[in-house]
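Below is one structure, written out as structure tokens; the observations come after it.
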Amino acid sequence: MSATRPLCFQDLILRLHQFWSEKGCAILQPYDTELGAGTLSPHTTLRALGPKPWAAAYVQPCRRPSDGRYGENPNRLQHYYQYQVLLKPTPEDSQQLLLDSYRAIGIDPELHDIRFVEDDWENPTIGAWGLGWEVWCDGMEVSQFTYFQQVGGIPTVMPSTELTYGLERLAMYVQGVENVYDLDFNGKGLTYGDVFLRAEQDYSRHNFELADTQMLLTHFNDAERESMRLAEAGVAQPAYDQCLKASHLFNLLDARGVISVSERASYIGRVRALAKAACEAWLAGEEETSHG
Amino acid sequence: MAELFIELFSEEIPSGMQARAADDLGSLLTKALDGLNPRDLRTFFGARRIAAILTVDAEIPARSVSERGPREGAPEKALAGFTRKHGVTPDELTLENGFWVLNKSLDPVSAESRVAEAVPELLWKFPWPKSMRWGAGSNFTWVRPLRRIACLLDGHVVPFALAREGDDAHGLKASNLSEGHRFLAPGPFEILSGQQWQEELETRSVIVDMDSRRDMVRTGVARLADQHGITVVQDDGLVDEVCGLVEYPVPLLGKIDAAFMDLPAEVMQVSMRINQRYFALRNPDGKAAPYFAFVGNLPFKDGGKLTTAGNERVLRARFADARHFWDLDRKTKLADRVPALAAVTFHAKLGTQAERAERISKLAGTVAQAMWLDGAQIAQAERAGLLAKADLTTGMVGEFPELQGIMGGYYAAHDGEDEAVSRAVAEHYLPRGQSDDTAKAPVSVAVALADRLDLLAGFFAIGELPSGSGDPYALRRAALGIIRTIRDNGLRLDLTELFAQAANGRTGGELAKLPDFIAERLRVQLRSEGERHDVLAATLAGGLDGDLVRLLARTSALSEMIQTEDGRNLLAAAKRAANILRIEDKKDGPHTGAPDPALYTQDEERALAGGLDQAVPAIETALKEERFTDAMQAIAALRPTLDRFFEAVTVNAPEPEVRANRLKLLSRFRETTALIADFGQIEG
């Protein structure tokens, strides 16, 4: 860390935007539906497929209903932010780019212990896997680094580098803070807790106690049907939106504890089928445009 | 001859794959360069590279080879195929012994061209357990992106490229360049030789020799611990893993916040090891010390102050998570968790963990009875058996499966279960591995045995036996656990009876094979202890004695006996008798039944018969009373009588009835030895 005052949460994001913008990335805005991870955004999932180059960076709010802790756990949130970068094809200096971005936010690799620790990444709900690392800074995982090998059950013809920063963790690290709610949000006295604590409390009650499971189940079935119908019609991203909705509804049902262990695998399989269909529809369109 | 140097420089290789990959590189090179007589192989591995240095001949000398083709008179087509394959015309073939033969003389091949041909092929096919594609379109895969290939013969680059038809293989080609430490010495340097490479890497903050890295970690951590009067918990696996993560190991010590020191030591240690790759430390009294050791990847500019503070903070967050589970889990009694085991499948054909808990409980009571434990202890064994698997539903075991049993023990103690019960819950997994101790407390022993008996009987009943290399349910380990627990505690149990109890009414499957399975594990175990496997085979000839203690006592008495001079000679006599009987029985045998004293013609016959008459009851009594050494002595005492018999008596006497009677006498002797063991199995 530099001797100057550490970055506040929003400046951390601005620095990363600045850095990746200079490296030629399109700076995109968060996707407007609930996602469990930045990877699930169509800006990553769909773009990772097919033969066209792509470079984008964006912040993505992530929802993990079961991780809610009523605002009482200093490290766990049911809503948090990921900073997501997708570089396609994989640049020769992928690792160096990541390290340079750390320098840009004030982490000096000669003062801190940066390590690339094996991690075989896999996301069964969208039929994706890749090889890469957890990137550790002084024993803490601050990023995920993945070379995509397959998405939507389809091998990536042009592999991409995916970099995912856990923004809260990184900010806690940079600011030397041990409770996420104490994070300096804007450098002017606003804390992360001021912005999000109430929402964490309310959503925890919603996710674990209040959400209407019958309604969620109906919505899940509707989204599934709609997604399939749209994929068959060849409109990839709308089909994928419905797949994302189904995925989030499944996560909520899971948090409400109404899905048994044996049902779980079947739900994941249903979502994966939607992802696959949407990805195939996307790829079909891509091939048309690249030949047309 | 020349020095061949190869380095494959890549992005970070998973720690656990490095050693194997370096071995593979060495053996694949040795195989591929066979004609160059490769030798003096040394391999290296680390976070970002695998390398090999070896000596090879300067060339594969000129030589001739002959290839056998089709038979004389074979169809035209076959001959045409053969000539086409070798690019020759039919008049270049000669006829030898009815076959068309091509005698080729091969020109010498330089080491350079052989290496240039062999290495790319080897790299395209390199056996990584998992490999990946990268870049814009090559199908060349590696464990993570391969960035440089250095390949030198006596300091000169061996020119080759990885590119193949239509695939540029990322433009990778052989060079003389390597790189040092990622942060301390970025950028390439030139390699001149294997020796210079190693030295240059060291000046560039990369310790490329694994043993040196291990040494730096071990001595470094020990020195830091020593400064605080504490010691490191030995963990060779962790040392190796850490050495695969760092190029320049720098051990550092961090402090554990006092607020977490009341967590169970095992919880702290597992969390540190699994999540953080930290070493645990112990106070002189054996209790957890408030420190942890970790290994950085470079000598930090500030001596490691910032990184230590960072690691301490991370550990506080980890321990806060562990505390969350620890506090939460203790709110539900272990006994109240048993019903929830009905939702945990043990095996599709063997039911749930709840059913298994019931079985273990019952069986633990049976074993406790067989161990002559008192009524209270039998009840404790049943209770502990019921609770043994209940911690599978706790948050802590969900997070750290390696803590199963240990957590159960803590939670049972917290619930106020009897000390013997909570101890048995904790210890019933013992021994976890070869180097682990076995359970010693009687109730723990009963549950440990019951757990494994149920496991073995269950899987044998459904026919799920271990195969040559596969043992997915760790049945061999379970069998060995039973053997070791029985031996260590000198338990007089009838395993055959206990297997019947464990079968729990089930029959069929492969249950009948269970005694042989135990016998086989016992054989393997004794062999690894340096015991003679043939002696055990001799005592096992009649099938497994379910009382392993008795079986082993007999084996060891036999083993001692055959090392004495009397024993050796007796063994020789027994073999001689067996040989004679085998040959003669083939002619007109078998020669069994009591010999007729009236047909003895020599004193030596009468002496032997008398000796046997005395020995048999003595041996039988001694065996019954388990005085195995006495039994051995009783049979060994026959030695002089036997010697004299074989010296003076011709077994195959001309008179048929005398011969038959002598064979019966020998047969009687053989039966007597069989009381002790099958001497025929003993070698030498």
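Ligands are numbered from 1 in the order shown, chains are lettered A, B, ... in the order of the structure tokens, and residues start at 1 in each chain.
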
Write out as CSV a residue-level contact list of chain B versus chain A with cut-off 6 Å: for each qualifying residue the closest pair of atoms and the distance in Å to one decimal, counting only C-alpha atoms, rows sorted by chain and residue number upward.
```
residue,atom,partner,partner_atom,distance
B:Pro14,CA,A:Glu118,CA,5.0
B:Trp134,CA,A:Pro159,CA,5.4
B:Gly135,CA,A:Thr90,CA,5.0
B:Ala136,CA,A:Pro89,CA,5.4
B:Phe300,CA,A:Leu111,CA,5.5
B:Lys301,CA,A:Leu111,CA,6.0
B:Thr307,CA,A:His112,CA,5.2
B:Gly310,CA,A:Asp138,CA,5.4
B:Asn311,CA,A:Asp138,CA,5.2
```

File dump, residues just selected, N, CA and C atoms, as a PDB file, in the first residue's frame:
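File produced: again-v5.pdb:
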```pdb
ATOM      1  N   PRO B  14       0.124 -26.156 -10.750  1.00  0.00           N
ATOM      2  CA  PRO B  14      -0.388 -26.612  -9.451  1.00  0.00           C
ATOM      3  C   PRO B  14       0.687 -27.357  -8.666  1.00  0.00           C
ATOM      4  N   TRP B 134      -5.217 -22.121 -24.800  1.00  0.00           N
ATOM      5  CA  TRP B 134      -5.216 -20.677 -24.583  1.00  0.00           C
ATOM      6  C   TRP B 134      -4.928 -20.006 -25.913  1.00  0.00           C
ATOM      7  N   GLY B 135      -4.937 -18.654 -25.918  1.00  0.00           N
ATOM      8  CA  GLY B 135      -4.571 -17.923 -27.124  1.00  0.00           C
ATOM      9  C   GLY B 135      -5.632 -17.991 -28.199  1.00  0.00           C
ATOM     10  N   ALA B 136      -5.216 -17.716 -29.422  1.00  0.00           N
ATOM     11  CA  ALA B 136      -6.205 -17.459 -30.470  1.00  0.00           C
ATOM     12  C   ALA B 136      -6.481 -18.632 -31.397  1.00  0.00           C
ATOM     13  N   PHE B 300      10.914  -9.689   1.836  1.00  0.00           N
ATOM     14  CA  PHE B 300      10.148  -8.457   1.689  1.00  0.00           C
ATOM     15  C   PHE B 300      10.981  -7.235   2.077  1.00  0.00           C
ATOM     16  N   LYS B 301      10.690  -6.130   1.394  1.00  0.00           N
ATOM     17  CA  LYS B 301      11.450  -4.900   1.620  1.00  0.00           C
ATOM     18  C   LYS B 301      11.376  -4.459   3.080  1.00  0.00           C
ATOM     19  N   THR B 307       3.106  -7.986   5.265  1.00  0.00           N
ATOM     20  CA  THR B 307       2.492  -9.249   4.880  1.00  0.00           C
ATOM     21  C   THR B 307       2.106 -10.064   6.119  1.00  0.00           C
ATOM     22  N   GLY B 310      -1.075  -8.672   7.337  1.00  0.00           N
ATOM     23  CA  GLY B 310      -2.141  -9.090   6.425  1.00  0.00           C
ATOM     24  C   GLY B 310      -2.566 -10.518   6.702  1.00  0.00           C
ATOM     25  N   ASN B 311      -1.583 -11.414   6.850  1.00  0.00           N
ATOM     26  CA  ASN B 311      -1.896 -12.818   7.121  1.00  0.00           C
ATOM     27  C   ASN B 311      -2.598 -12.981   8.468  1.00  0.00           C
TER      28      ASN B 311
END
```

Report task. Write out as an MDAnalysis selection string all residues of stretch 107-163 of chain A that DSSP puts in strand (DSSP E or B) for this structure's backbone. Result -> chainID A and resid 114:123 128:137 140:151 154:155 161:163

How would the residues just picked look written out with C-alpha atoms as a PDB file, in the first residue's frame?
```pdb
ATOM      1  CA  ILE A 114       1.105 -12.364  -4.124  1.00  0.00           C
ATOM      2  CA  ARG A 115       0.587 -15.986  -5.129  1.00  0.00           C
ATOM      3  CA  PHE A 116      -1.135 -17.891  -7.862  1.00  0.00           C
ATOM      4  CA  VAL A 117      -2.723 -20.884  -6.145  1.00  0.00           C
ATOM      5  CA  GLU A 118      -4.244 -23.659  -8.250  1.00  0.00           C
ATOM      6  CA  ASP A 119      -7.983 -23.488  -8.780  1.00  0.00           C
ATOM      7  CA  ASP A 120      -9.994 -25.552 -11.203  1.00  0.00           C
ATOM      8  CA  TRP A 121     -13.030 -23.364 -11.687  1.00  0.00           C
ATOM      9  CA  GLU A 122     -16.376 -24.915 -12.484  1.00  0.00           C
ATOM     10  CA  ASN A 123     -19.932 -23.632 -12.631  1.00  0.00           C
ATOM     11  CA  ALA A 128     -18.771 -23.974 -17.666  1.00  0.00           C
ATOM     12  CA  TRP A 129     -15.254 -24.829 -16.557  1.00  0.00           C
ATOM     13  CA  GLY A 130     -11.768 -23.477 -16.826  1.00  0.00           C
ATOM     14  CA  LEU A 131      -8.310 -23.712 -15.306  1.00  0.00           C
ATOM     15  CA  GLY A 132      -6.554 -20.972 -13.419  1.00  0.00           C
ATOM     16  CA  TRP A 133      -5.841 -19.782  -9.921  1.00  0.00           C
ATOM     17  CA  GLU A 134      -7.105 -18.115  -6.839  1.00  0.00           C
ATOM     18  CA  VAL A 135      -4.848 -15.096  -6.527  1.00  0.00           C
ATOM     19  CA  TRP A 136      -3.751 -14.577  -2.955  1.00  0.00           C
ATOM     20  CA  CYS A 137      -2.516 -11.412  -1.364  1.00  0.00           C
ATOM     21  CA  MET A 140      -6.271 -13.756   1.276  1.00  0.00           C
ATOM     22  CA  GLU A 141      -7.974 -14.658  -1.964  1.00  0.00           C
ATOM     23  CA  VAL A 142      -8.472 -11.315  -3.720  1.00  0.00           C
ATOM     24  CA  SER A 143      -9.179 -12.498  -7.270  1.00  0.00           C
ATOM     25  CA  GLN A 144     -10.191 -15.461  -9.366  1.00  0.00           C
ATOM     26  CA  PHE A 145      -8.242 -16.011 -12.559  1.00  0.00           C
ATOM     27  CA  THR A 146      -9.703 -18.416 -15.104  1.00  0.00           C
ATOM     28  CA  TYR A 147      -8.843 -19.483 -18.616  1.00  0.00           C
ATOM     29  CA  PHE A 148     -12.289 -20.495 -19.920  1.00  0.00           C
ATOM     30  CA  GLN A 149     -12.324 -23.892 -21.597  1.00  0.00           C
ATOM     31  CA  GLN A 150     -16.052 -24.512 -21.839  1.00  0.00           C
ATOM     32  CA  VAL A 151     -19.254 -22.461 -21.455  1.00  0.00           C
ATOM     33  CA  ILE A 154     -19.725 -25.875 -25.485  1.00  0.00           C
ATOM     34  CA  PRO A 155     -15.900 -25.783 -25.818  1.00  0.00           C
ATOM     35  CA  THR A 161      -9.055 -14.803 -19.626  1.00  0.00           C
ATOM     36  CA  GLU A 162     -11.576 -14.059 -16.909  1.00  0.00           C
ATOM     37  CA  LEU A 163     -10.490 -11.934 -13.938  1.00  0.00           C
TER      38      LEU A 163
END
```

Report task. Go ahead and compute the interatomic distance for atom CA of B:Lys664 and atom CA of B:Ala594, in Å to one decimal. Result ->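 Spanning atom CA of B:Lys664 to atom CA of B:Ala594 is a straight-line distance of 6.6 Å.
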
Requested in this report: Once DSSP has gone over the backbone, tell me which residues of stretch 4-192 of chain A are in helix (DSSP H, G or I), as a PyMOL selection string.
Outcome: chain A and resi 9-22+38-40+42-45+65-67+94-104+124-126+167-175+180-182+192

Those residues with N, CA and C atoms, as a compact mmCIF listing (two decimals), in the first residue's frame please?
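Below is the file again39.txt, written as the result:
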```txt
# COMPACT_ATOMS: atom_id res chain seq x y z
N PHE A 9 -14.09 2.87 -1.17
CA PHE A 9 -14.71 1.83 -1.99
C PHE A 9 -14.97 2.31 -3.42
N GLN A 10 -15.54 3.50 -3.54
CA GLN A 10 -15.89 3.94 -4.90
C GLN A 10 -14.66 4.32 -5.71
N ASP A 11 -13.60 4.81 -5.04
CA ASP A 11 -12.38 5.14 -5.78
C ASP A 11 -11.68 3.87 -6.27
N LEU A 12 -11.81 2.80 -5.49
CA LEU A 12 -11.25 1.52 -5.92
C LEU A 12 -11.85 1.13 -7.26
N ILE A 13 -13.16 1.28 -7.37
CA ILE A 13 -13.86 0.94 -8.61
C ILE A 13 -13.41 1.88 -9.73
N LEU A 14 -13.31 3.17 -9.40
CA LEU A 14 -12.91 4.14 -10.43
C LEU A 14 -11.50 3.84 -10.95
N ARG A 15 -10.58 3.49 -10.02
CA ARG A 15 -9.21 3.16 -10.44
C ARG A 15 -9.20 1.95 -11.38
N LEU A 16 -9.98 0.94 -11.01
CA LEU A 16 -10.03 -0.26 -11.86
C LEU A 16 -10.63 0.07 -13.23
N HIS A 17 -11.68 0.87 -13.23
CA HIS A 17 -12.26 1.31 -14.50
C HIS A 17 -11.20 2.02 -15.34
N GLN A 18 -10.47 2.95 -14.69
CA GLN A 18 -9.44 3.71 -15.38
C GLN A 18 -8.40 2.77 -15.98
N PHE A 19 -7.94 1.83 -15.14
CA PHE A 19 -6.89 0.91 -15.56
C PHE A 19 -7.33 0.09 -16.76
N TRP A 20 -8.50 -0.55 -16.65
CA TRP A 20 -8.93 -1.45 -17.72
C TRP A 20 -9.39 -0.70 -18.96
N SER A 21 -9.85 0.52 -18.75
CA SER A 21 -10.18 1.35 -19.89
C SER A 21 -8.92 1.63 -20.71
N GLU A 22 -7.83 1.95 -20.00
CA GLU A 22 -6.57 2.21 -20.70
C GLU A 22 -6.04 0.97 -21.41
N GLY A 38 -20.52 -12.49 -11.32
CA GLY A 38 -20.23 -11.65 -12.49
C GLY A 38 -20.08 -12.48 -13.76
N THR A 39 -19.64 -13.71 -13.61
CA THR A 39 -19.46 -14.60 -14.76
C THR A 39 -20.77 -14.81 -15.53
N LEU A 40 -21.89 -14.79 -14.77
CA LEU A 40 -23.17 -15.13 -15.38
C LEU A 40 -23.70 -14.04 -16.31
N PRO A 42 -24.38 -11.87 -19.40
CA PRO A 42 -24.20 -12.22 -20.82
C PRO A 42 -22.94 -11.58 -21.41
N HIS A 43 -22.48 -10.48 -20.78
CA HIS A 43 -21.24 -9.85 -21.26
C HIS A 43 -20.06 -10.79 -21.10
N THR A 44 -20.17 -11.76 -20.23
CA THR A 44 -19.12 -12.78 -20.11
C THR A 44 -19.57 -14.09 -20.75
N THR A 45 -20.67 -14.63 -20.24
CA THR A 45 -21.05 -15.98 -20.66
C THR A 45 -21.22 -16.09 -22.17
N PRO A 65 -28.52 -15.63 -2.06
CA PRO A 65 -29.50 -15.57 -0.97
C PRO A 65 -29.08 -16.33 0.28
N SER A 66 -28.46 -17.53 0.13
CA SER A 66 -28.13 -18.32 1.33
C SER A 66 -26.99 -17.72 2.14
N ASP A 67 -26.24 -16.77 1.57
CA ASP A 67 -25.13 -16.18 2.31
C ASP A 67 -25.56 -15.03 3.21
N SER A 94 -1.51 -11.96 -19.53
CA SER A 94 -2.69 -11.91 -18.65
C SER A 94 -2.29 -11.71 -17.19
N GLN A 95 -1.33 -12.50 -16.73
CA GLN A 95 -0.94 -12.43 -15.32
C GLN A 95 -0.36 -11.06 -14.98
N GLN A 96 0.48 -10.56 -15.91
CA GLN A 96 1.11 -9.27 -15.66
C GLN A 96 0.06 -8.16 -15.59
N LEU A 97 -0.95 -8.24 -16.45
CA LEU A 97 -2.02 -7.23 -16.44
C LEU A 97 -2.70 -7.20 -15.08
N LEU A 98 -2.98 -8.38 -14.55
CA LEU A 98 -3.63 -8.42 -13.25
C LEU A 98 -2.74 -7.78 -12.18
N LEU A 99 -1.45 -8.13 -12.21
CA LEU A 99 -0.53 -7.58 -11.21
C LEU A 99 -0.41 -6.07 -11.34
N ASP A 100 -0.39 -5.59 -12.59
CA ASP A 100 -0.33 -4.14 -12.79
C ASP A 100 -1.59 -3.48 -12.23
N SER A 101 -2.72 -4.14 -12.36
CA SER A 101 -3.95 -3.55 -11.83
C SER A 101 -3.89 -3.47 -10.30
N TYR A 102 -3.20 -4.45 -9.68
CA TYR A 102 -3.03 -4.37 -8.22
C TYR A 102 -2.19 -3.14 -7.85
N ARG A 103 -1.13 -2.94 -8.62
CA ARG A 103 -0.31 -1.74 -8.35
C ARG A 103 -1.16 -0.49 -8.45
N ALA A 104 -2.07 -0.50 -9.46
CA ALA A 104 -2.90 0.69 -9.68
C ALA A 104 -3.82 0.98 -8.48
N PRO A 124 -21.43 -25.55 -12.51
CA PRO A 124 -22.30 -26.56 -13.13
C PRO A 124 -23.62 -26.00 -13.64
N THR A 125 -24.12 -24.90 -13.04
CA THR A 125 -25.43 -24.41 -13.50
C THR A 125 -25.35 -23.85 -14.92
N ILE A 126 -24.17 -23.39 -15.36
CA ILE A 126 -24.11 -22.95 -16.76
C ILE A 126 -23.17 -23.83 -17.58
N LEU A 167 -14.74 -7.19 -4.66
CA LEU A 167 -14.47 -5.78 -4.35
C LEU A 167 -14.47 -5.47 -2.86
N GLU A 168 -15.43 -6.03 -2.12
CA GLU A 168 -15.47 -5.75 -0.68
C GLU A 168 -14.21 -6.26 0.01
N ARG A 169 -13.83 -7.50 -0.32
CA ARG A 169 -12.63 -8.07 0.28
C ARG A 169 -11.39 -7.26 -0.03
N LEU A 170 -11.30 -6.88 -1.31
CA LEU A 170 -10.14 -6.12 -1.73
C LEU A 170 -10.11 -4.78 -1.00
N ALA A 171 -11.28 -4.14 -0.89
CA ALA A 171 -11.35 -2.85 -0.21
C ALA A 171 -11.02 -3.00 1.27
N MET A 172 -11.54 -4.08 1.88
CA MET A 172 -11.24 -4.32 3.30
C MET A 172 -9.73 -4.48 3.46
N TYR A 173 -9.14 -5.16 2.50
CA TYR A 173 -7.71 -5.37 2.56
C TYR A 173 -6.95 -4.05 2.44
N VAL A 174 -7.30 -3.31 1.41
CA VAL A 174 -6.60 -2.05 1.14
C VAL A 174 -6.79 -1.06 2.29
N GLN A 175 -7.99 -1.06 2.87
CA GLN A 175 -8.27 -0.11 3.95
C GLN A 175 -7.88 -0.63 5.34
N VAL A 180 -16.90 -5.56 7.12
CA VAL A 180 -17.26 -4.99 5.83
C VAL A 180 -18.10 -3.72 5.99
N TYR A 181 -18.92 -3.71 7.04
CA TYR A 181 -19.82 -2.56 7.21
C TYR A 181 -19.07 -1.29 7.61
N ASP A 182 -17.80 -1.46 8.04
CA ASP A 182 -16.98 -0.29 8.40
C ASP A 182 -16.24 0.31 7.22
N TYR A 192 -19.92 1.62 4.24
CA TYR A 192 -20.63 0.57 3.50
C TYR A 192 -21.91 0.20 4.24
```

Report task. Rank A:Phe196, A:Tyr165, A:Pro6, A:Ala26 by their smallest atom-to-atom distance to A:Gln78, using only C-alpha atoms, and report the top residue only. Result -> A:Phe196

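Across A:Glu224, A:Asp32, A:Asp108, A:Asp194, the tightest approach to A:Ser247 is made by A:Glu224 when counting only C-alpha atoms.
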
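When atom CA of B:Arg273 is paired with atom CA of B:Glu12, their separation reads 20.5 Å.
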
Can you tell me, as a PDB file with C-alpha atoms, in the first residue's frame, what residues are no more than 10 Å from A:Leu274 when counting only C-alpha atoms, ignoring any on the same chain fewer than 5 positions away?
```
ATOM      1  CA  THR A 125     -25.426 -24.414 -13.505  1.00  0.00           C
ATOM      2  CA  ILE A 126     -24.110 -22.947 -16.760  1.00  0.00           C
ATOM      3  CA  GLY A 152     -22.856 -23.682 -21.783  1.00  0.00           C
ATOM      4  CA  ALA A 223     -39.146 -18.716 -16.563  1.00  0.00           C
ATOM      5  CA  GLU A 224     -38.082 -22.177 -17.619  1.00  0.00           C
ATOM      6  CA  ARG A 225     -40.837 -22.481 -20.191  1.00  0.00           C
ATOM      7  CA  GLU A 226     -40.274 -18.976 -21.511  1.00  0.00           C
ATOM      8  CA  SER A 227     -36.526 -19.465 -21.773  1.00  0.00           C
ATOM      9  CA  MET A 228     -36.898 -22.616 -23.850  1.00  0.00           C
ATOM     10  CA  ALA A 231     -34.179 -20.104 -27.361  1.00  0.00           C
ATOM     11  CA  ALA A 239     -33.749 -16.574 -23.585  1.00  0.00           C
ATOM     12  CA  TYR A 240     -30.642 -16.255 -21.411  1.00  0.00           C
ATOM     13  CA  GLN A 242     -35.072 -16.080 -18.398  1.00  0.00           C
ATOM     14  CA  CYS A 243     -32.422 -18.684 -17.608  1.00  0.00           C
ATOM     15  CA  LEU A 244     -30.815 -16.183 -15.188  1.00  0.00           C
ATOM     16  CA  ALA A 246     -34.734 -19.270 -13.137  1.00  0.00           C
ATOM     17  CA  SER A 247     -31.267 -19.582 -11.611  1.00  0.00           C
ATOM     18  CA  GLY A 269     -29.724 -29.776 -14.392  1.00  0.00           C
ATOM     19  CA  CYS A 279     -25.695 -20.422 -25.530  1.00  0.00           C
ATOM     20  CA  GLU A 280     -26.370 -22.536 -28.597  1.00  0.00           C
TER      21      GLU A 280
END
```

Report task. Give me the residues within 12 Å of B:Pro129 as a list in words, counting only C-alpha atoms and dropping any in the same chain fewer than 6 places off. Result ->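 Residues meeting the cut-off are Ile13, Pro14, Gly16, Met17, Gln18, Arg20, Ala21, Asp24, Thr141, Trp142, Val143 and Arg144 of chain B.
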